[in-house]
Structures are given as C-alpha cells and as structure tokens.
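Asker: Sharing query-v1.txt here; it has compact mmCIF, C-alpha atoms.
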# COMPACT_ATOMS: atom_id res chain seq x y z
CA MET A 1 130.59 137.02 -104.76
CA SER A 2 127.39 137.51 -102.86
CA LEU A 3 125.50 134.52 -101.52
CA GLY A 4 122.34 136.25 -102.76
CA LEU A 5 123.21 134.92 -106.22
CA TYR A 6 122.43 131.44 -104.98
CA GLN A 7 118.95 132.10 -103.68
CA GLY A 8 115.85 131.04 -105.58
CA LEU A 9 117.37 128.95 -108.34
CA GLY A 10 115.72 126.20 -110.29
CA ALA A 11 112.00 126.43 -110.91
CA GLY A 12 111.54 129.81 -109.26
CA GLY A 13 111.67 128.58 -105.67
CA PRO A 14 114.48 128.11 -103.21
CA SER A 15 117.33 125.94 -104.43
CA ALA A 16 117.50 122.37 -103.24
CA HIS A 17 121.18 123.15 -102.75
CA SER A 18 120.85 126.15 -100.45
CA ASP A 19 122.53 124.20 -97.63
CA VAL A 20 125.83 124.03 -99.50
CA LEU A 21 125.42 127.31 -101.35
CA THR A 22 125.12 129.26 -98.10
CA ALA A 23 127.67 127.21 -96.14
CA ALA A 24 130.62 129.11 -94.69
CA PRO A 25 133.13 126.47 -93.58
CA ASP A 26 135.77 127.80 -91.23
CA ASN A 27 138.47 125.13 -91.43
CA ILE A 28 140.32 123.21 -94.10
CA ASP A 29 138.59 119.88 -93.45
CA SER A 30 135.09 121.33 -93.71
CA GLN A 31 136.12 123.34 -96.79
CA ARG A 32 137.39 120.17 -98.48
CA ALA A 33 134.22 118.29 -97.55
CA LEU A 34 132.09 121.11 -98.94
CA VAL A 35 134.00 121.17 -102.24
CA GLU A 36 133.59 117.40 -102.61
CA GLU A 37 129.84 117.68 -101.98
CA ILE A 38 129.59 120.55 -104.46
CA LYS A 39 131.39 118.51 -107.12
CA ARG A 40 129.05 115.55 -106.51
CA ARG A 41 125.96 117.73 -106.76
CA GLY A 42 127.37 119.62 -109.74
CA ARG A 43 127.76 116.38 -111.70
CA ALA A 44 124.22 115.36 -110.79
CA THR A 45 122.71 118.71 -111.80
CA VAL A 46 124.53 118.70 -115.13
CA GLY A 47 123.29 115.15 -115.70
CA SER A 48 119.71 116.27 -115.07
CA LYS A 49 120.23 119.44 -117.16
CA SER A 50 119.58 121.73 -114.16
CA TYR A 51 122.12 124.18 -115.48
CA LEU A 52 121.24 127.15 -113.26
CA ASP A 53 121.79 125.01 -110.17
CA ALA A 54 125.01 123.62 -111.64
CA GLU A 55 126.28 127.13 -112.37
CA ALA A 56 125.61 128.20 -108.78
CA LEU A 57 127.22 125.06 -107.36
CA TYR A 58 130.39 125.39 -109.43
CA SER A 59 130.57 129.11 -108.59
CA LYS A 60 130.42 128.29 -104.89
CA GLY A 61 133.09 125.61 -105.29
CA ILE A 62 135.38 128.07 -107.06
CA GLU A 63 134.77 130.61 -104.30
CA VAL A 64 135.70 128.09 -101.58
CA LEU A 65 138.78 126.84 -103.44
CA ASP A 66 139.98 130.40 -104.05
CA LEU A 67 139.66 131.07 -100.31
CA MET A 68 141.65 127.91 -99.58
CA VAL A 69 144.41 129.04 -101.98
CA LYS A 70 144.49 132.47 -100.35
CA ASN A 71 145.00 130.93 -96.91
CA GLU A 72 147.52 128.25 -97.98
CA LYS A 73 151.29 128.69 -97.63
CA ASP A 74 152.53 125.40 -99.14
CA GLU A 75 153.20 125.86 -102.88
CA SER A 76 152.53 122.20 -103.72
CA VAL A 77 149.15 122.36 -101.99
CA ILE A 78 148.38 125.60 -103.86
CA ALA A 79 149.24 123.87 -107.15
CA ASP A 80 146.85 121.00 -106.31
CA LEU A 81 144.09 123.44 -105.35
CA ASN A 82 144.60 125.34 -108.60
CA LYS A 83 144.20 122.09 -110.56
CA GLU A 84 140.98 121.39 -108.71
CA THR A 85 139.78 124.94 -109.37
CA ALA A 86 140.59 124.51 -113.07
CA ILE A 87 138.24 121.53 -113.23
CA LEU A 88 135.41 123.55 -111.66
CA PHE A 89 136.02 126.46 -114.06
CA SER A 90 135.94 124.02 -116.96
CA ASN A 91 132.72 122.43 -115.71
CA ARG A 92 131.15 125.85 -115.23
CA SER A 93 132.27 126.75 -118.75
CA LEU A 94 130.29 123.77 -120.07
CA VAL A 95 127.25 124.85 -118.06
CA LYS A 96 127.47 128.43 -119.31
CA MET A 97 127.66 127.18 -122.90
CA GLN A 98 124.47 125.21 -122.29
CA LEU A 99 122.85 128.38 -120.91
CA GLY A 100 123.89 130.34 -124.00
CA LYS A 101 126.39 132.47 -122.07
CA ILE A 102 129.10 132.02 -124.66
CA THR A 103 131.37 134.92 -123.66
CA GLU A 104 131.24 133.89 -119.99
CA ALA A 105 131.90 130.26 -120.99
CA LEU A 106 135.04 131.35 -122.82
CA GLU A 107 136.16 133.40 -119.80
CA ASP A 108 135.75 130.35 -117.56
CA ALA A 109 137.66 128.15 -120.02
CA ASP A 110 140.46 130.73 -120.05
CA ALA A 111 140.46 130.81 -116.24
CA ALA A 112 140.75 127.01 -116.17
CA VAL A 113 143.74 127.10 -118.53
CA GLU A 114 145.33 129.86 -116.45
CA ARG A 115 145.10 127.75 -113.29
CA ASP A 116 146.21 124.52 -114.95
CA PRO A 117 147.72 124.89 -118.43
CA GLY A 118 148.05 121.11 -118.69
CA TYR A 119 144.33 120.46 -118.24
CA VAL A 120 143.42 119.42 -121.78
CA LYS A 121 139.65 119.53 -121.35
CA ALA A 122 139.84 123.26 -120.55
CA HIS A 123 141.44 123.85 -123.96
CA TRP A 124 138.52 122.08 -125.68
CA ARG A 125 135.99 124.34 -124.05
Mind turning the file's structure into structure tokens?

Answerer:
Amino acid sequence: MSLGLYQGLGAGGPSAHSDVLTAAPDNIDSQRALVEEIKRRGRATVGSKSYLDAEALYSKGIEVLDLMVKNEKDESVIADLNKETAILFSNRSLVKMQLGKITEALEDADAAVERDPGYVKAHWR
C-alpha cells in the first residue's frame, strides 16, 4: 500500500494525521505505539464522522500490524496480533459502510473473521 493514499485527506488539504500516516517505525516498541495512536485517532475520527481520515488511519494500522505479524516468530504473539488486526478490519468495515463502499466493507468484515473467527462484531458487519 502506497503512502500516497494518505495524502490530502479530509477537506481537500493535507491530513491532520499525516504524522502517523507517513510514519515508518523500525522496531516493535515504536510499531506498537504507532498502532495504539492510530486506534485512538481512528475512534476520534469515527466519532466526528471524518470517515475518509478514519479509513486511512485504519488502513495504516492494518499495514503496520501485518508487518509485525510477518516479522514475528512466536505463534501466540501472532495470534494476538491477528486479533488486533481483526478489530481494525472490522472498524474499517464500518467506515467503508458509512462511505457507501459496501463491497469493500464486506471484504473487510470477511478479513476480520478470517483473522479472528471468534470476534463476534466482525460477523455483524
């Protein structure tokens, strides 16, 4: 996924979230911190109905978590990361529904279920 996707969101200007959207953390601690900040901002943007920003934030969070999974060897840590990724896919599914991207919303809901079949909210979406 190209970082260019994240440029110029919102009201036609640069995103207020460009700092996290363009971040490239190089270690596990900074990756975890970035994901937590993305989740915090994602909740806030959904709350304010800034769905384009929320979509970009959740996309970035998924990208970072997928990188963390790729670099992880411990299966229990991978399972936890997949559960966290499922939540972001589910949240992005909600956002895409609000944007009228119904097919993409369903794809994200399916991806959430794939990563965590026990995540009930993903089945609702």

Asker: Report, in Å with one decimal, the straight-line distance from CA of Val20 (chain A) to CA of Lys60 (chain A).

Answerer: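 One can read the CA of Val20 (chain A) to CA of Lys60 (chain A) distance as 8.3 Å.
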
Asker: I'd like the neighbourhood of Glu84 (chain A) as a PyMOL selection string, where a residue qualifies if any of its atoms comes within 12 Å (using all atoms listed in the file), though same-chain residues fewer than 2 positions away should be ignored.

Answerer: chain A and resi 32+35-36+39+58+61-66+68-69+77-82+86-91+112-113+115-116+119

Asker: Between A:Glu114, A:Glu104, A:Asp53, A:Glu37, single out the one closest to Ser15 (chain A), counting all atoms listed in the file.

Answerer: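 Closest to Ser15 (chain A) of all the choices is A:Asp53.
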
Asker: Can you work out the spacing between CA of Lys96 (chain A) and CA of Leu67 (chain A) in Å, to one decimal?

Answerer: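 Going from CA of Lys96 (chain A) over to CA of Leu67 (chain A), I get 22.7 Å.
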
Asker: Give me, as a list in words, all polymer residues having an atom no more than 10 Å from Ile28 (chain A), counting all atoms listed in the file and skipping those fewer than 5 positions away in the same chain.

Answerer: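 That gives Ala33, Leu34, Met68, Asn71 and Glu72 of chain A.
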
Asker: Quick one: pull the distance between CA of Arg92 (chain A) and CA of Arg43 (chain A), Å, one decimal.

Answerer: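 Computing it gives 10.7 Å between the two atoms.
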
Asker: Could you check which of A:Ile102, A:Leu52, A:Ala111, A:Leu94 is closest to Ala16 (chain A), using only C-alpha atoms?

Answerer: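 Among the listed residues, the smallest separation from Ala16 (chain A) belongs to A:Leu52.
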
Asker: Using only C-alpha atoms, pick whichever of A:Gln31, A:His17, A:Thr22, A:Ser93 has the shortest atom-to-atom distance to Ala44 (chain A).

Answerer: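 Once distances to Ala44 (chain A) are computed over only C-alpha atoms, the minimum belongs to A:His17.
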
Asker: Hey, which of A:Ser30, A:Ser18, A:Gln98, A:Thr103 ends up closest to Ala56 (chain A)? Count only C-alpha atoms.

Answerer: A:Ser18

Asker: So, counting only C-alpha atoms, which residue among A:Gly118, A:Ile38, A:Gly47, A:Asn27 is closest to Lys83 (chain A)?

Answerer: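 The answer is A:Gly118, which sits nearest to Lys83 (chain A).
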
Asker: Between A:Arg40, A:Lys73, A:Lys101, A:Asp19, single out the one closest to Ala54 (chain A), counting all atoms listed in the file.

Answerer: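 The closest residue to Ala54 (chain A) is A:Arg40.
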